[in-house]
Each structure stands twice: as structure tokens, then as C-alpha cells.
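What follows is a set of notes on a single structure, which appears directly below.
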Amino acid sequence: MIDALLNVSALCMRFGGLLAVDNVNFAVKPDEVFAIIGPNGAGKTTVFNCVGGFYTPTSGQITMNGVSITGLPSHRVAHHGLVRTFQNVRLFKQLTVLENLLVAQHTQVETRLLPGLLKLKSYRQSEADALERAAQWLDFMGLREFANREAGNLAYGHQRRLEIARCMITKPRLLMLDEPAAGLNPQEKQDLQRLIDRLRCEFGVAVLLIEHDMGLVMGISDRILVMEHGKPIVTGTPAEVRSDERVIKAYLGEE
Amino acid sequence: MANNLRNAFIAAILTGVIVTPVFGLQLVRQGARTLMDPHWSNVLIAMAVVFVGQLLRPWLAIPFRRLKSGLPTLPAAPSQGNKWLVLLIIAAAVIWPFFGSRSSVDIATLVLIYVMLGLGLNIVVGFAGLLDLGFVGFYAVGAYTYALLYHWGGWGFWEALPFAGAMAALFGFVLGFPVLRLRGDYLAIVTLGFGEIIRLLLINLNWLTGGPDGISGIPKPSVFGIPMARSSGTEGVRTFHEITGLTFQSQHVVLWLYLMALLLALITLFVSTRLKRMPVGRAWEALREDEIACRSLGLNPTRIKLSAFTLGAMFAGFGGAFFAARQGLVNPESFTFIESALILAIVVLGGMGSQVGVILAAILLTVLPELARGFAEYRMLMFGLVMVLMMMWRPQGLLPMKRPHVELQTK
Amino acid sequence: MSDLIPQMTQQFFNGLSLGAIYALIAIGYTMVYGIIGMINFAHGEIYMIGAYVGLVTLTAVGTQSGMPVYLIVAVMLVVAMAVTGAYGFTVERVAYRPLRGSPRLVALISAIGMSIFLQNWVALGQGARDMAVPNILSGAVQFHMGTDFDVMVPYSRIMIIVVTVVLMIALSLFIKYSRMGRASRACSQDMHMANLLGIDTNKVISFTFVLGAMLAAVGGVLIALTIGKLNPFIGFIVGIKAFTAAVLGGIGSIPGAMLGGALLGLVETFAAAYISSQYKDIVAFLLLVLILLFRPTGLLGKPEVEKV
């Protein structure tokens with residue numbers, strides 16, 4: 001796909017004797033919400049880890065905006081505009097909510113030593129801007145009142161929101177969400193759905209997500225990839241996927 | 001109760017086994033022969049103490065538990081209101097030595113060196129969470145850089161100081177680059193290895209470093225180029241006292257050294273306080289918590305860790321240069337692993353990350369052994385014991401660091 | 001040139017006996033790391049204490065007692081093993097067990113403190129200076145290899161190699177077939193699960209420390225007899241080198257510790273003989289850095305994949 005933001009082709013990941021990901025192909029367009037679903041052990045998180053640079057794929061190609069990011073370490077992948085959340089929320093638990101958002105802006109602020117030590121104008125401006133951006137995101141997520149609280153002390157739903165805000169503050173092109181609805185109650189799931197939509201519309205960010213909650217997936221996704229045992233089964237719109245025989249078999253087993 | 005008694009018995013017997021070959025049957029050299037000198041009383045006393053201690057353990061445990069959580073956690077760094085307090089303390093530190101005795105000012109200078117080293121290591125261990133057991137290596141590099149620049153080039157302290165820091169920082173960079181991605185305890189052992197390698201090189205590279213004898217005759221810091229000494233030793237160069245007309249007293253040299261140490265320590269304190277609040281300081285803390293999350297946000301762990309490691313090494317280099325100036329000579333003996341352990345103890349016992357804690361610990365760990373001069377043999381023994389006990393009773397240190405460093409209005 | 005083979009053979013035996021000592025100590029490091037994930041910094045001091053206990057025992061028995069040499073050595077070994085076993089047990093109970101759940105740095109500091117404490121403990125009791133060890137294992141095996149240079153392997157070194165090999169075999173059999181051996185293998189794979197299955201993990205941990213200590217003691221006694229002197233600070237450098245050997249072979253793997261020890265002993269001896277004897281200590285450190293950089297799981301370890 002020429003106008004794709006993220007392009008994954010022939011991705012394979014082998015761990016010793018186990019082929020966890022077998023020839024996965026998909027592409028995510030710039031404003032798209034793309035979901036990867038499948039039963040447990042299908043290899044979804046492994047795909048995420050390969051794309052995100054935490055694993056080096058055994059073979060295959062991953063490009064972002066046409067530029068190859070295959071095998072790049074994860075911090076370099078992030079520089080290409082690709083950030084992710086994690087299955088078990090990885091916040092900096094002993095830092096405050098505000099500090100989490102400040103750290104995330106590390107690549108955007110003035111980090112040179114001399115301006116910081118001498119509190120030069122450029123430094124003070126940079127810090128003020130960072131604080132301002134953090135405040136904006138706190139307001140957007142409704143977390144302002146918790147700004148100075150330790151991130152680990154937040155309610156679970158708020159932690160998840162903070163993790164997403166932390167990603168968004170890096171101004172990504174593609175946001176990868178690893179089971180964002182896990183552990184949320186129905187109300188929170190609806191809020192999440194609205195949030196993802198808002199992010200896509202207001203900030204023009206593409207979303208790639210792994211999710212088990214079918215209601216959320218069907219409601220928010222533009223296209224879906226179904227995986228089983230590391231292999232891709234079907235790629236298509238929610239309607240196509242929902243009625244596909246192979247998908248039903250994968251989830252419910254043989255009759 | 002019976003269980004307690006049985007435990008006490010077992011403990012006493014274990015004590016007997018342990019104490020006997022060390023204190024019970026002491027070896028004594030008589031000419032070419034080795035004889036045995038039994039001191040069974042030592043063994044019996046030890047067994048008795050342990051026996052009683054074990055019996056009384058449930059009662060003794062209560063006050064110790066209170067110690068663990070009871071002590072206050074004072075604020076780590078001065079907040080706005082305390083600026084005046086800090087200035088007052090600094091003023092006191094500057095004025096005091098003019099009224100103090102020579103030996104106490106001398107000890108205070110030593111304290112300040114350890115404050116500098118402690119604050120430097122605090123950046124590496126306390127802020128960035130990197131287990132560095134080879135800090136003494138950078139200390140040595142700084143000291144020897146000054147010594148060599150003087151020996152081969154006649155350089156003075158102030159000219160050599162930036163180079164000492166730069167050289168140590170370079171070593172920190174080169175050594176840190178390959179190893180900083182290692183896991184915690186592996187990093188500790190490898191840095192320990194580096195410290196030892198540096199020491200071994202200093203001993204063996206005779207032609208460069210003077211070998212085990214080292215380099216001597218190193219001059220003290222000058223007053224803007226004017227030597228502070230009894231006589232300048234060079235034709236046509238007048239000493240500080242000759243210019244100002246004061247009578248030379250060795251007390252003045254001690255005083256001058258103290259003031260310079262204070263200056264360096266204050267600079268170290270200022271820099272590390274700033275670093276904590278800067279983006280790099282935040283990055284260190286975040287990296288300590290969760291490296292994977294940091295990577296996913298675009299932070300480069302190696303570069304961030306390297307900055308801490310290099311900065312810490314730089315301060316060790318400054319400290320080393322000053323140490324060389326104060327002692328007048330350097331040799332490999334001064335740069336053993338025990339120094340690294342001592343500086344590490346200062347950081348950990350003070351409270352990792354907490355600058356006030358580190359300063360306090362530096363004072364305690366330098367002054368107390370001086371006061372207990374009579375018990376010199378027991379010094380290292382107590383040191384080891386204190387390290388173990390502190391970890392069990394108060395691992396967070398005397399004055400744990402207070403967080404956070406930046407806050408937002410939550411309307 | 002014709003002397004090269006015999007000379008190298010000589011160095012080979014020297015290196016192997018040195019390596020045997022490293023292996024004995026390395027096993028202690030690797031077992032403890034495998035089971036509770038900590039570097040027992042004070043392990044080198046246990047080795048040193050073993051040497052001292054051996055010397056005390058030897059002095060108590062007396063070199064003129066008329067007992068056959070091998071019996072004297074056996075007594076020294078048994079007594080040293082018993083005492084260091086007690087030390088190993090006590091150190092774990094007193095300094096490490098209370099810190100089981102704590103962050104890595106805390107346990108490491110405690111271990112460093114323990115190491116410093118033990119060094120000075122012995123220094124206070126027995127003096128900080130070098131102590132001479134009477135030479136009861138004099139003599140060597142000499143053999144010709146067809147040139148003028150005779151290869152001389154001292155009996156003491158042969159004893160080191162033989163005793164070590166015997167102990168290694170005994171240890172391997174024990175780990176494989178005994179109940180405690182199975183329990184410790186279970187604990188090193190999954191401590192939590194072992195606990196749930198009813199294994200007394202505290203007992204296993206204590207056992208690991210005691211066993212490691214006893215092996216180190218054997219090394220201490222034999223080395224003291226071979227070199228002829230000791231002081232309270234010999235544990236430090238040897239400890240680091242033995243740890244290097246453990247990492248080289250693959251931390252957590254007992255066969256790895258044996259292999260790593262042998263390799264390190266050989267490399268160090270050959271480096272000292274053919275490159276420079278002054279810098280031989282550096283060889284071990286460099287080897288450690290290289291291994292950790294390029295193959296951190298060691299020769300016999302399995303590559304780990306980071307779980308995200």
C-alpha cells in the first residue's frame with residue numbers, strides 16, 4: 001500500500017523452536033484505526049514487540065512512512081513517530097502524574113547541560129512550554145486534579161488514561177495500544193472508545209490496537225487483522241471479519 | 001519458650017564454632033615457628049552473649065522496629081523559604097575555620113573532600129540508580145592527572161583542575177559506554193573490576209606513574225597564581241605572605257585549603273541540585289523505574305546513563321586533584337576498593353539521592369573514626385558491621401530524598 | 001623451541017590446579033546466584049577463613065605428630081569444612097535472609113559490609129600480616145618429555161586437582177540423585193512454585209550457602225598448603241576471579257562454574273607465563289568484561305529473551 005503509514009510485510013518471529021509469528025502482512029493508513037485480534041497465544045503482542053523494536057524480527061520488513069524501521073531499537077522507533085502502551089500499565093509509578101508527562105517530552109525539551117545549569121532563557125522557556133503542554137493533556141484527560149499525585153496511586157482507569165496521554169504528548173503519528181480495555185468497566189470502555197475516536201479526529205493520529213473486547217473492536221476499528229497460532233487468517237472490515245467462517249472457527253473451535 | 005531456648009542453644013554452639021578458630025586459638029609467631037595461643041575465655045564470653053541475646057530477642061526487637069520507621073525524613077533540598085537558612089549555613093562554614101583549631105580545620109577539609117566525592121557518586125547511584133563500585137578509579141585518574149601535569153609540565157593546581165575533571169570524565173565515558181547496559185549487580189562487579197584495573201596499572205606502569213612510590217612534591221592551590229607557602233622555591237616569585245605583609249603561619253595554609261575545598265564542595269552541591277530538577281535528572285529517575293517504558297518514549301537509555309556516569313566521574317576527578325594537592329603526593333595505596341566502598345557507604349547511608357543526607361553521612365563517616373582514634377583497629381570492623389546493620393534497620397538511609405521536585409497548580 | 005612442549009605442559013598443570021581452586025569457589029557463587037539471584041560478595045572471605053581454619057588445625061595437630069600427611073590434610077579439610085559451613089549458614093541467616101525482598105542494591109551493600117567485616121574479624125583475631133603455612137606436602141612428580149626441561153608437578157598441585165575432581169563428581173551425583181539436590185534444582189528454576197509444592201525453601205537456601213562454603217574451604221586449605229602463606233585479604237581478588245569464572249561458565253550452572261574455573265585458571269597462567277606476570281590479574285577482569293559484553297549468559301548458559 002503506497003499511502004500507508006505503517007507497512008508490515010512477511011513478518012516472522014521465531015523463539016528457538018517456536019514460530020510465534022508466521023508471515024504476517026498488514027498496513028495501517030494515516031488516519032486509520034486498525035485492530036489485531038485473535039485467541040490467546042496468537043502472537044499479537046509479539047507482533048507489537050517486533051514493530052515497536054523490542055524484539056528483532058527473524059525475518060520480514062517493517063517500514064514507517066516508507067522508511068525501514070526493521071530491527072531498530074525501540075527508542076529509535078519512537079523517533080519515527082511510533083509509541084505504544086503496555087498490557088500491564090508501565091507508568092513511572094513513583095513519579096507524579098505531571099512528572100510522567102514531563103519525562104515523555106524529553107526529546108522535545110532543552111536537555112543540554114549548560115543552559116539548564118545556568119537557567120538560561122532558552123531553558124526556562126523550554127521548561128515552561130513543557131509544563132504547559134503537560135497541563136493541556138491533563139485537562140484533556142480530566143486528570144488535572146491528580147497532577148501532583150504519585151502515578152502509582154491513581155485508580156486503574158486513570159492510570160490507563162495517563163499512559164495514553166504520555167504517549168500522545170510525544171506527538172506520535174501512530175499510537176499502539178496493547179489491550180487498552182483490559183480491566184475496564186463498561187462505562188470506562190465507552191469512554192475509551194470515544195477517546196480513541198477523538199484522538200484520531202482531533203490529532204490525526206493512526207491507532208493500532210490489540211484487543212479482546214469485541215464490542216470495542218467492532219465499534220472503533222476501520223479494519224481488523226485476525227491471527228491464530230501466529231498466522232494471519234483474515235484481514236478486512238469489521239463486517240467482513242464478523243461473518244467470516246474461519247474467524248468463527250478460530251474463536252469457537254471446530255464443531 | 002522451649003523453642004526460644006533451643007534456638008539460643010544452637011546459636012551459642014554456632015558461635016562457639018565460629019569464634020574458636022579466629023579468637024579462641026590464636027596463632028602466634030615465635031621465630032620461625034607458629035604456636036597456638038588459646039583464649040578460651042573469648043569463646044565462652046561470645047557464646048554466653050549470643051545465648052542471652054537470642055533468649056531476649058523478642059523483647060529486644062521492639063525498639064529496633066521503631067528505629068526503622070521512626071526517624072524523621074527531613075526535606076532533602078532547600079525549598080524557597082529555606083534559601084536564607086542555606087546562606088546562613090554557608091556563611092557559618094566560611095567564618096568558622098578562622099576560629100577553629102588547626103586539626104579540626106584539617107579534618108573539616110577531609111570531610112569536604114568526601115562530601116564532594118559523595119555528591120558525585122550520588123549522581124551515579126542515587127539519581128541514576130547505577131551500581132558503581134569502581135568510583136575510586138576516577139578519583140585516582142583525577143589525582144594522577146594533576147600529579148603528572150605537575151611532574152612533567154610544572155602545572156599548578158588551577159590549570160590542572162579542569163584537565164583532571166575532563167580526564168576522569170573521559171575515562172568514565174570510555175569505560176561506561178560498553179558496560180552501562182548490563183544488569184545491576186553485573187554492572188557493580190564490572191565497575192569494581194575497572195577500579196582495580198586502574199589501580200594495578202598505576203602500580204605497574206612505573207615509567208609513567210612512578211609505580212608504588214607514586215609522585216610527590218605536588219603543590220597546593222595558589223591564590224590567583226600567587227603561591228601559598230612558606231617560601232616560593234622559585235627565584236623572583238613572591239609568596240602570598242610576602243605580598244600581603246602577613247607573617248607566615250602553617251595555620252594559614254590549612255585555612256586556605258579548607259576554603260578551597262569548601263568552594264569545590266559548594267560548586268558540586270549546586271550542580272547536583274540543579275541536575276535533579278533538569279530534564280536529565282527526571283530521565284534518570286524514570287530510567288531507574290522502568291527502562292522499557294523510557295525506551296518506548298524515545299529516551300536513549302545508554303546516553304542517559306552515560307551522562308550520569310560521566311558527570312559523576314568528573315566530580316571524582318576534581319576531588320582527586322584536590323586530594324593530590326592537599327596530600328602533596330599520590331600513590332596507588334590511596335586508591336583501593338575500600339575507598340569506593342566508603343564513598344558508596346556515604347551515599348547509601350545518607351539516603352540515596354538525598355544531598356543533605358549525603359553531606360551528613362560524609363561528616364559522620366569521616367569525623368567518627370577520627371574521634372575514635374583509640375579504637376583504630378576496630379574501625380574497619382565497625383564500618384562493615386554498620387553497613388550490614390543499616391541495611392537491615394534503615395535501608396532508605398538517614399535522610400531519604402524528598403520528592404517531587406516540580407509541582408503543578410491543581411485548580 | 002624444543003623446550004616449548006614441556007614448558008607448556010608445566011604451565012598446563014599449574015593452570016589446571018589454579019583453575020580447580022577457582023572452580024571450587026565459583027560453584028559457591030553460581031549456586032547462590034542461581035537460587036536467590038544475589039552475588040555473595042562475602043564468599044571470597046569464606047575461602048580465606050577456610051584457609052585460616054586449616055592452618056589453625058594444622059598447628060593444633062602439629063607437624064611433628066607422626067600422623068601420615070594425607071590424614072593430616074584430611075583432618076584439616078574436615079575441620080575447615082565444618083567451620084566454614086557454620087560461617088556460611090550464619091552469614092546467610094544474619095545478613096542476607098532479613099533482606100530477602102529488598103532491592104538489589106541493599107543486599108549488595110550488606111554483602112559488601114559482611115565482606116569487610118569478615119576480613120577485619122580475622123585480622124583482629126589472627127593478625128593482619130602474612131602467616132606462614134608449614135610445608136607438609138613437599139616433593140613433586142618429575143617427568144621427562146624427551147628434552148632437557150623436566151616437567152615438575154608438585155604433589156600439592158596434584159592433590160588439588162585430584163580432590164577437586166573427586167568433589168565435582170560427588171557434587172554432580174548428589175545434585176542429580178539426592179532429595180536435597182532435586183529440591184535445590186527446583187528452587188533455582190522457580191522458587192515460588194517450589195514453595196507451593198511444599199519444599200522448605202529456607203532449608204534449601206541454607207544448604208546452598210553451607211555447601212558453597214564447604215567447597216570454598218577445601219580450596220582455601222589446599223591453596224594455603226601449596227603457596228605456603230596467607231593473610232586476611234586473600235579472599236578479595238580470588239573472590240572476584242572466581243566470580244568471573246562463574247560468569248564465564250554461565251551463572252547458575254554448576255558444570256559452567258567448573259568449566260569456567262578451569263578455563264580461567266589456564267588463561268591466567270598462560271598469560272602470566274607468556275605475556276606478562278605483572279598484569280595477570282588484569283586478564284581476569286578483562287575476560288569478565290568481554291564475556292558480559294558479548295555473551296552475558298556464559299558458555300553453558302541459555303540466552304535470555306527479555307519479556308515485554
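Quick note on naming: the chains in the C-alpha cells go A, B, ... in the order shown, residues restart at 1 in each chain, and ligands are numbered from 1 in order of appearance.
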Set out as a tab-separated table a contact list for chain B and chain C with a cut-off of 7 Å, giving each residue of chain B that qualifies its closest atom pair and distance in Å to one decimal, counting only C-alpha atoms, ordered by chain and rising residue number.
```
residue	atom	partner	partner_atom	distance
B:Leu14	CA	C:Ala86	CA	6.3
B:Val17	CA	C:Val83	CA	6.1
B:Ile18	CA	C:Val83	CA	6.3
B:Pro21	CA	C:Val53	CA	5.8
B:Val22	CA	C:Gly125	CA	5.1
B:Phe23	CA	C:Gly125	CA	4.8
B:Gln26	CA	C:Gln126	CA	5.7
B:Leu27	CA	C:Gln126	CA	6.1
B:Leu35	CA	C:Thr59	CA	6.7
B:Met36	CA	C:Thr59	CA	6.7
B:Val190	CA	C:Val289	CA	6.3
B:Gly193	CA	C:Phe285	CA	5.6
B:Ile197	CA	C:Ile282	CA	5.9
B:Met380	CA	C:Asn120	CA	6.5
B:Leu381	CA	C:Phe117	CA	4.9
B:Gly384	CA	C:Gly113	CA	4.0
B:Leu385	CA	C:Phe117	CA	6.0
B:Met387	CA	C:Gly113	CA	5.0
B:Val388	CA	C:Ser110	CA	4.5
B:Met391	CA	C:Val106	CA	6.0
B:Met392	CA	C:Leu99	CA	6.7
B:Pro395	CA	C:Val106	CA	6.6
```
Residues from last step as file, C-alpha atoms, as a PDB file, in the first residue's frame:
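Okay, this is what ended up in result-v2.pdb:
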```
ATOM      1  CA  LEU B  14      27.357 -21.965  66.193  1.00  0.00           C
ATOM      2  CA  VAL B  17      32.386 -22.960  66.231  1.00  0.00           C
ATOM      3  CA  ILE B  18      32.774 -19.607  64.551  1.00  0.00           C
ATOM      4  CA  PRO B  21      39.437 -20.653  65.104  1.00  0.00           C
ATOM      5  CA  VAL B  22      39.641 -16.870  64.977  1.00  0.00           C
ATOM      6  CA  PHE B  23      39.712 -15.634  68.546  1.00  0.00           C
ATOM      7  CA  GLN B  26      45.172 -17.521  68.083  1.00  0.00           C
ATOM      8  CA  LEU B  27      48.325 -18.162  66.147  1.00  0.00           C
ATOM      9  CA  LEU B  35      52.419 -21.644  68.016  1.00  0.00           C
ATOM     10  CA  MET B  36      48.937 -21.731  69.313  1.00  0.00           C
ATOM     11  CA  VAL B 190      32.482  -4.848  36.288  1.00  0.00           C
ATOM     12  CA  GLY B 193      36.984  -4.613  38.094  1.00  0.00           C
ATOM     13  CA  ILE B 197      42.495  -2.427  36.793  1.00  0.00           C
ATOM     14  CA  MET B 380      37.061  -1.220  59.584  1.00  0.00           C
ATOM     15  CA  LEU B 381      35.311  -3.915  61.560  1.00  0.00           C
ATOM     16  CA  GLY B 384      31.484  -3.372  57.863  1.00  0.00           C
ATOM     17  CA  LEU B 385      29.129  -4.021  60.743  1.00  0.00           C
ATOM     18  CA  MET B 387      26.884  -1.262  56.688  1.00  0.00           C
ATOM     19  CA  VAL B 388      25.123  -4.538  57.381  1.00  0.00           C
ATOM     20  CA  MET B 391      20.703  -2.201  55.510  1.00  0.00           C
ATOM     21  CA  MET B 392      18.665  -4.217  57.940  1.00  0.00           C
ATOM     22  CA  PRO B 395      17.922   0.810  54.166  1.00  0.00           C
TER      23      PRO B 395
END
```
Give me, as number ranges by chain, all polymer residues having an atom no more than 10 Å from Tyr156 (chain A), counting only C-alpha atoms and skipping those fewer than 5 positions away in the same chain. A: 89, 161-162, 183-184
At most 12 Å to chain C: residues in chain A, only C-alpha atoms, as a PyMOL selection string: chain A and resi 14-16+45-50+52-56+74+84-90+178
Just write the chosen residues, N, CA and C atoms, as a PDB file, in the first residue's frame.
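Just written: result_13.pdb:
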```pdb
ATOM      1  N   ARG A  14      10.760 -16.043  15.431  1.00  0.00           N
ATOM      2  CA  ARG A  14      10.984 -17.404  15.924  1.00  0.00           C
ATOM      3  C   ARG A  14      11.723 -17.340  17.257  1.00  0.00           C
ATOM      4  N   PHE A  15      11.211 -18.089  18.242  1.00  0.00           N
ATOM      5  CA  PHE A  15      11.908 -18.221  19.515  1.00  0.00           C
ATOM      6  C   PHE A  15      12.368 -19.661  19.652  1.00  0.00           C
ATOM      7  N   GLY A  16      13.614 -19.908  19.367  1.00  0.00           N
ATOM      8  CA  GLY A  16      14.075 -21.292  19.464  1.00  0.00           C
ATOM      9  C   GLY A  16      13.284 -22.142  18.492  1.00  0.00           C
ATOM     10  N   THR A  45       0.841  -9.819  20.684  1.00  0.00           N
ATOM     11  CA  THR A  45       1.790  -8.962  21.390  1.00  0.00           C
ATOM     12  C   THR A  45       3.188  -9.097  20.809  1.00  0.00           C
ATOM     13  N   THR A  46       3.496 -10.286  20.287  1.00  0.00           N
ATOM     14  CA  THR A  46       4.793 -10.462  19.650  1.00  0.00           C
ATOM     15  C   THR A  46       4.923  -9.554  18.436  1.00  0.00           C
ATOM     16  N   VAL A  47       3.830  -9.441  17.678  1.00  0.00           N
ATOM     17  CA  VAL A  47       3.841  -8.520  16.533  1.00  0.00           C
ATOM     18  C   VAL A  47       4.125  -7.099  17.004  1.00  0.00           C
ATOM     19  N   PHE A  48       3.411  -6.710  18.058  1.00  0.00           N
ATOM     20  CA  PHE A  48       3.626  -5.387  18.638  1.00  0.00           C
ATOM     21  C   PHE A  48       5.085  -5.178  18.996  1.00  0.00           C
ATOM     22  N   ASN A  49       5.643  -6.178  19.682  1.00  0.00           N
ATOM     23  CA  ASN A  49       7.019  -6.043  20.141  1.00  0.00           C
ATOM     24  C   ASN A  49       7.992  -5.944  18.976  1.00  0.00           C
ATOM     25  N   CYS A  50       7.679  -6.637  17.889  1.00  0.00           N
ATOM     26  CA  CYS A  50       8.557  -6.545  16.710  1.00  0.00           C
ATOM     27  C   CYS A  50       8.468  -5.154  16.089  1.00  0.00           C
ATOM     28  N   GLY A  52       7.490  -2.453  17.494  1.00  0.00           N
ATOM     29  CA  GLY A  52       7.976  -1.421  18.411  1.00  0.00           C
ATOM     30  C   GLY A  52       9.471  -1.470  18.674  1.00  0.00           C
ATOM     31  N   GLY A  53      10.155  -2.485  18.162  1.00  0.00           N
ATOM     32  CA  GLY A  53      11.603  -2.522  18.326  1.00  0.00           C
ATOM     33  C   GLY A  53      12.068  -3.210  19.594  1.00  0.00           C
ATOM     34  N   PHE A  54      11.177  -3.927  20.267  1.00  0.00           N
ATOM     35  CA  PHE A  54      11.614  -4.633  21.475  1.00  0.00           C
ATOM     36  C   PHE A  54      12.154  -6.012  21.137  1.00  0.00           C
ATOM     37  N   TYR A  55      11.667  -6.582  20.029  1.00  0.00           N
ATOM     38  CA  TYR A  55      12.271  -7.804  19.518  1.00  0.00           C
ATOM     39  C   TYR A  55      12.844  -7.483  18.139  1.00  0.00           C
ATOM     40  N   THR A  56      13.898  -8.207  17.763  1.00  0.00           N
ATOM     41  CA  THR A  56      14.354  -8.110  16.383  1.00  0.00           C
ATOM     42  C   THR A  56      13.725  -9.239  15.596  1.00  0.00           C
ATOM     43  N   SER A  74      14.077   0.216  20.238  1.00  0.00           N
ATOM     44  CA  SER A  74      12.768   0.833  20.457  1.00  0.00           C
ATOM     45  C   SER A  74      12.813   2.344  20.598  1.00  0.00           C
ATOM     46  N   ARG A  84       3.825   3.268  22.074  1.00  0.00           N
ATOM     47  CA  ARG A  84       2.904   2.212  22.481  1.00  0.00           C
ATOM     48  C   ARG A  84       2.594   2.252  23.970  1.00  0.00           C
ATOM     49  N   THR A  85       1.437   1.679  24.285  1.00  0.00           N
ATOM     50  CA  THR A  85       1.150   1.389  25.694  1.00  0.00           C
ATOM     51  C   THR A  85       1.395  -0.095  25.912  1.00  0.00           C
ATOM     52  N   PHE A  86       1.314  -0.500  27.170  1.00  0.00           N
ATOM     53  CA  PHE A  86       1.658  -1.882  27.503  1.00  0.00           C
ATOM     54  C   PHE A  86       0.490  -2.592  28.172  1.00  0.00           C
ATOM     55  N   GLN A  87       0.508  -3.911  28.056  1.00  0.00           N
ATOM     56  CA  GLN A  87      -0.560  -4.721  28.631  1.00  0.00           C
ATOM     57  C   GLN A  87      -0.714  -4.481  30.125  1.00  0.00           C
ATOM     58  N   ASN A  88       0.381  -4.609  30.858  1.00  0.00           N
ATOM     59  CA  ASN A  88       0.339  -4.198  32.259  1.00  0.00           C
ATOM     60  C   ASN A  88       0.966  -2.808  32.304  1.00  0.00           C
ATOM     61  N   VAL A  89       0.136  -1.858  32.607  1.00  0.00           N
ATOM     62  CA  VAL A  89       0.480  -0.441  32.512  1.00  0.00           C
ATOM     63  C   VAL A  89       1.888  -0.157  33.022  1.00  0.00           C
ATOM     64  N   ARG A  90       2.700   0.450  32.162  1.00  0.00           N
ATOM     65  CA  ARG A  90       4.067   0.749  32.592  1.00  0.00           C
ATOM     66  C   ARG A  90       4.247   2.234  32.834  1.00  0.00           C
ATOM     67  N   ASP A 178      -1.914  -1.657  23.551  1.00  0.00           N
ATOM     68  CA  ASP A 178      -1.903  -3.087  23.845  1.00  0.00           C
ATOM     69  C   ASP A 178      -2.969  -3.398  24.881  1.00  0.00           C
TER      70      ASP A 178
END
```
Select, as a list of chain:residue names, those residues of chain A with any atom no more than 7 Å from chain B (distances computed using only C-alpha atoms).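 Only these qualify: A:Ser74, A:His75, A:Arg76, A:Ala78, A:His79, A:Val83, A:Arg84, A:Arg90, A:Phe92, A:Val103, A:Ala104, A:His106, A:Thr107, A:Thr111, A:Gly116, A:Leu117, A:Arg144, A:Glu145, A:Ala147, A:Asn148.
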Computed interatomic separation between CA of Ala216 (chain C) and CA of Ile21 (chain C) (Å):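 If I compute the distance from CA of Ala216 (chain C) to CA of Ile21 (chain C), I get 8.0 Å.
Taking only C-alpha atoms, the non-local environment of Gly43 (chain A) within 9 Å (same-chain residues fewer than 6 positions away omitted) comprises Ala20, Val21, Asp22, Met227, Glu228, His229, Gly230 and Lys231 of chain A.
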Can you tell me, as a PyMOL selection string, what residues are no more than 9 Å from region 121-129 of chain B when counting only C-alpha atoms, ignoring any on the same chain fewer than 4 positions away? (chain B and resi 116-117+135+184+272+275-276+281-288+304-305+308-313+315-316+343-344+346-348+351-355+358) or (chain C and resi 105)
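CA of Phe174 (chain C) lies 17.4 Å from CA of Ile199 (chain C).
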Which of region 128-283 of chain B counts as alpha helix (DSSP H) under DSSP, as a ChimeraX atom specification please? /B:135-153,157-179,184-204,206-209,240-244,250-277,279-283
I'd like to know which of C:Ile46, C:Ala23, C:Gly66, C:Asp150 is closest to Asp3 (chain C), using only C-alpha atoms.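 Nearest to Asp3 (chain C): C:Asp150.
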Expressed in Å to a single decimal, how great is the separation between CA of Glu159 (chain B) and CA of Pro97 (chain B)? 26.3 Å
Compile the contact shell of Asn331 (chain B) as an MDAnalysis selection string: residues with an atom at most 8 Å away, counting only C-alpha atoms, same-chain residues fewer than 6 positions apart removed. chainID B and resid 211:215
Please identify which residues in region 150-299 of chain C DSSP calls strand (DSSP E or B) from the backbone, and express them as a PyMOL selection string. chain C and resi 150-154+229-230
Report as a ChimeraX atom specification all protein, DNA and RNA residues lying within 8 Å of Ala27 (chain A), evaluated on only C-alpha atoms, omitting residues in the same chain fewer than 6 positions from it. /A:1,4-8
Mind writing the picked residues with C-alpha atoms as a JSON list (two decimals), in the first residue's frame?
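Below you can see result39.json, which holds the result:
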```json
[["chain", "number", "residue", "atom", "x", "y", "z"],
["A", 1, "MET", "CA", 0.00, 0.00, 0.00],
["A", 4, "ALA", "CA", 0.32, 3.53, 4.18],
["A", 5, "LEU", "CA", 1.81, 4.95, 7.32],
["A", 6, "LEU", "CA", 2.99, 1.66, 8.74],
["A", 7, "ASN", "CA", 3.73, -1.26, 6.48],
["A", 8, "VAL", "CA", 4.48, -4.72, 7.81]]
```
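Residues in contact with Ala239 (chain A) at up to 10 Å, not including ones fewer than 5 positions away on its chain and judged by only C-alpha atoms, are Met218, Asp222, Arg223, Ile224 and Asp244 of chain A.
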Take the selection from the previous step and output its residues with C-alpha atoms, as a PDB file, in the first residue's frame.
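Listed below is the output, out_0.pdb:
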```pdb
ATOM      1  CA  MET A 218     -16.138  -3.709  16.172  1.00  0.00           C
ATOM      2  CA  ASP A 222     -11.766   0.633  10.363  1.00  0.00           C
ATOM      3  CA  ARG A 223     -10.051  -2.653   9.566  1.00  0.00           C
ATOM      4  CA  ILE A 224      -9.154  -5.757  11.510  1.00  0.00           C
ATOM      5  CA  ASP A 244     -16.033 -14.916   8.234  1.00  0.00           C
TER       6      ASP A 244
END
```
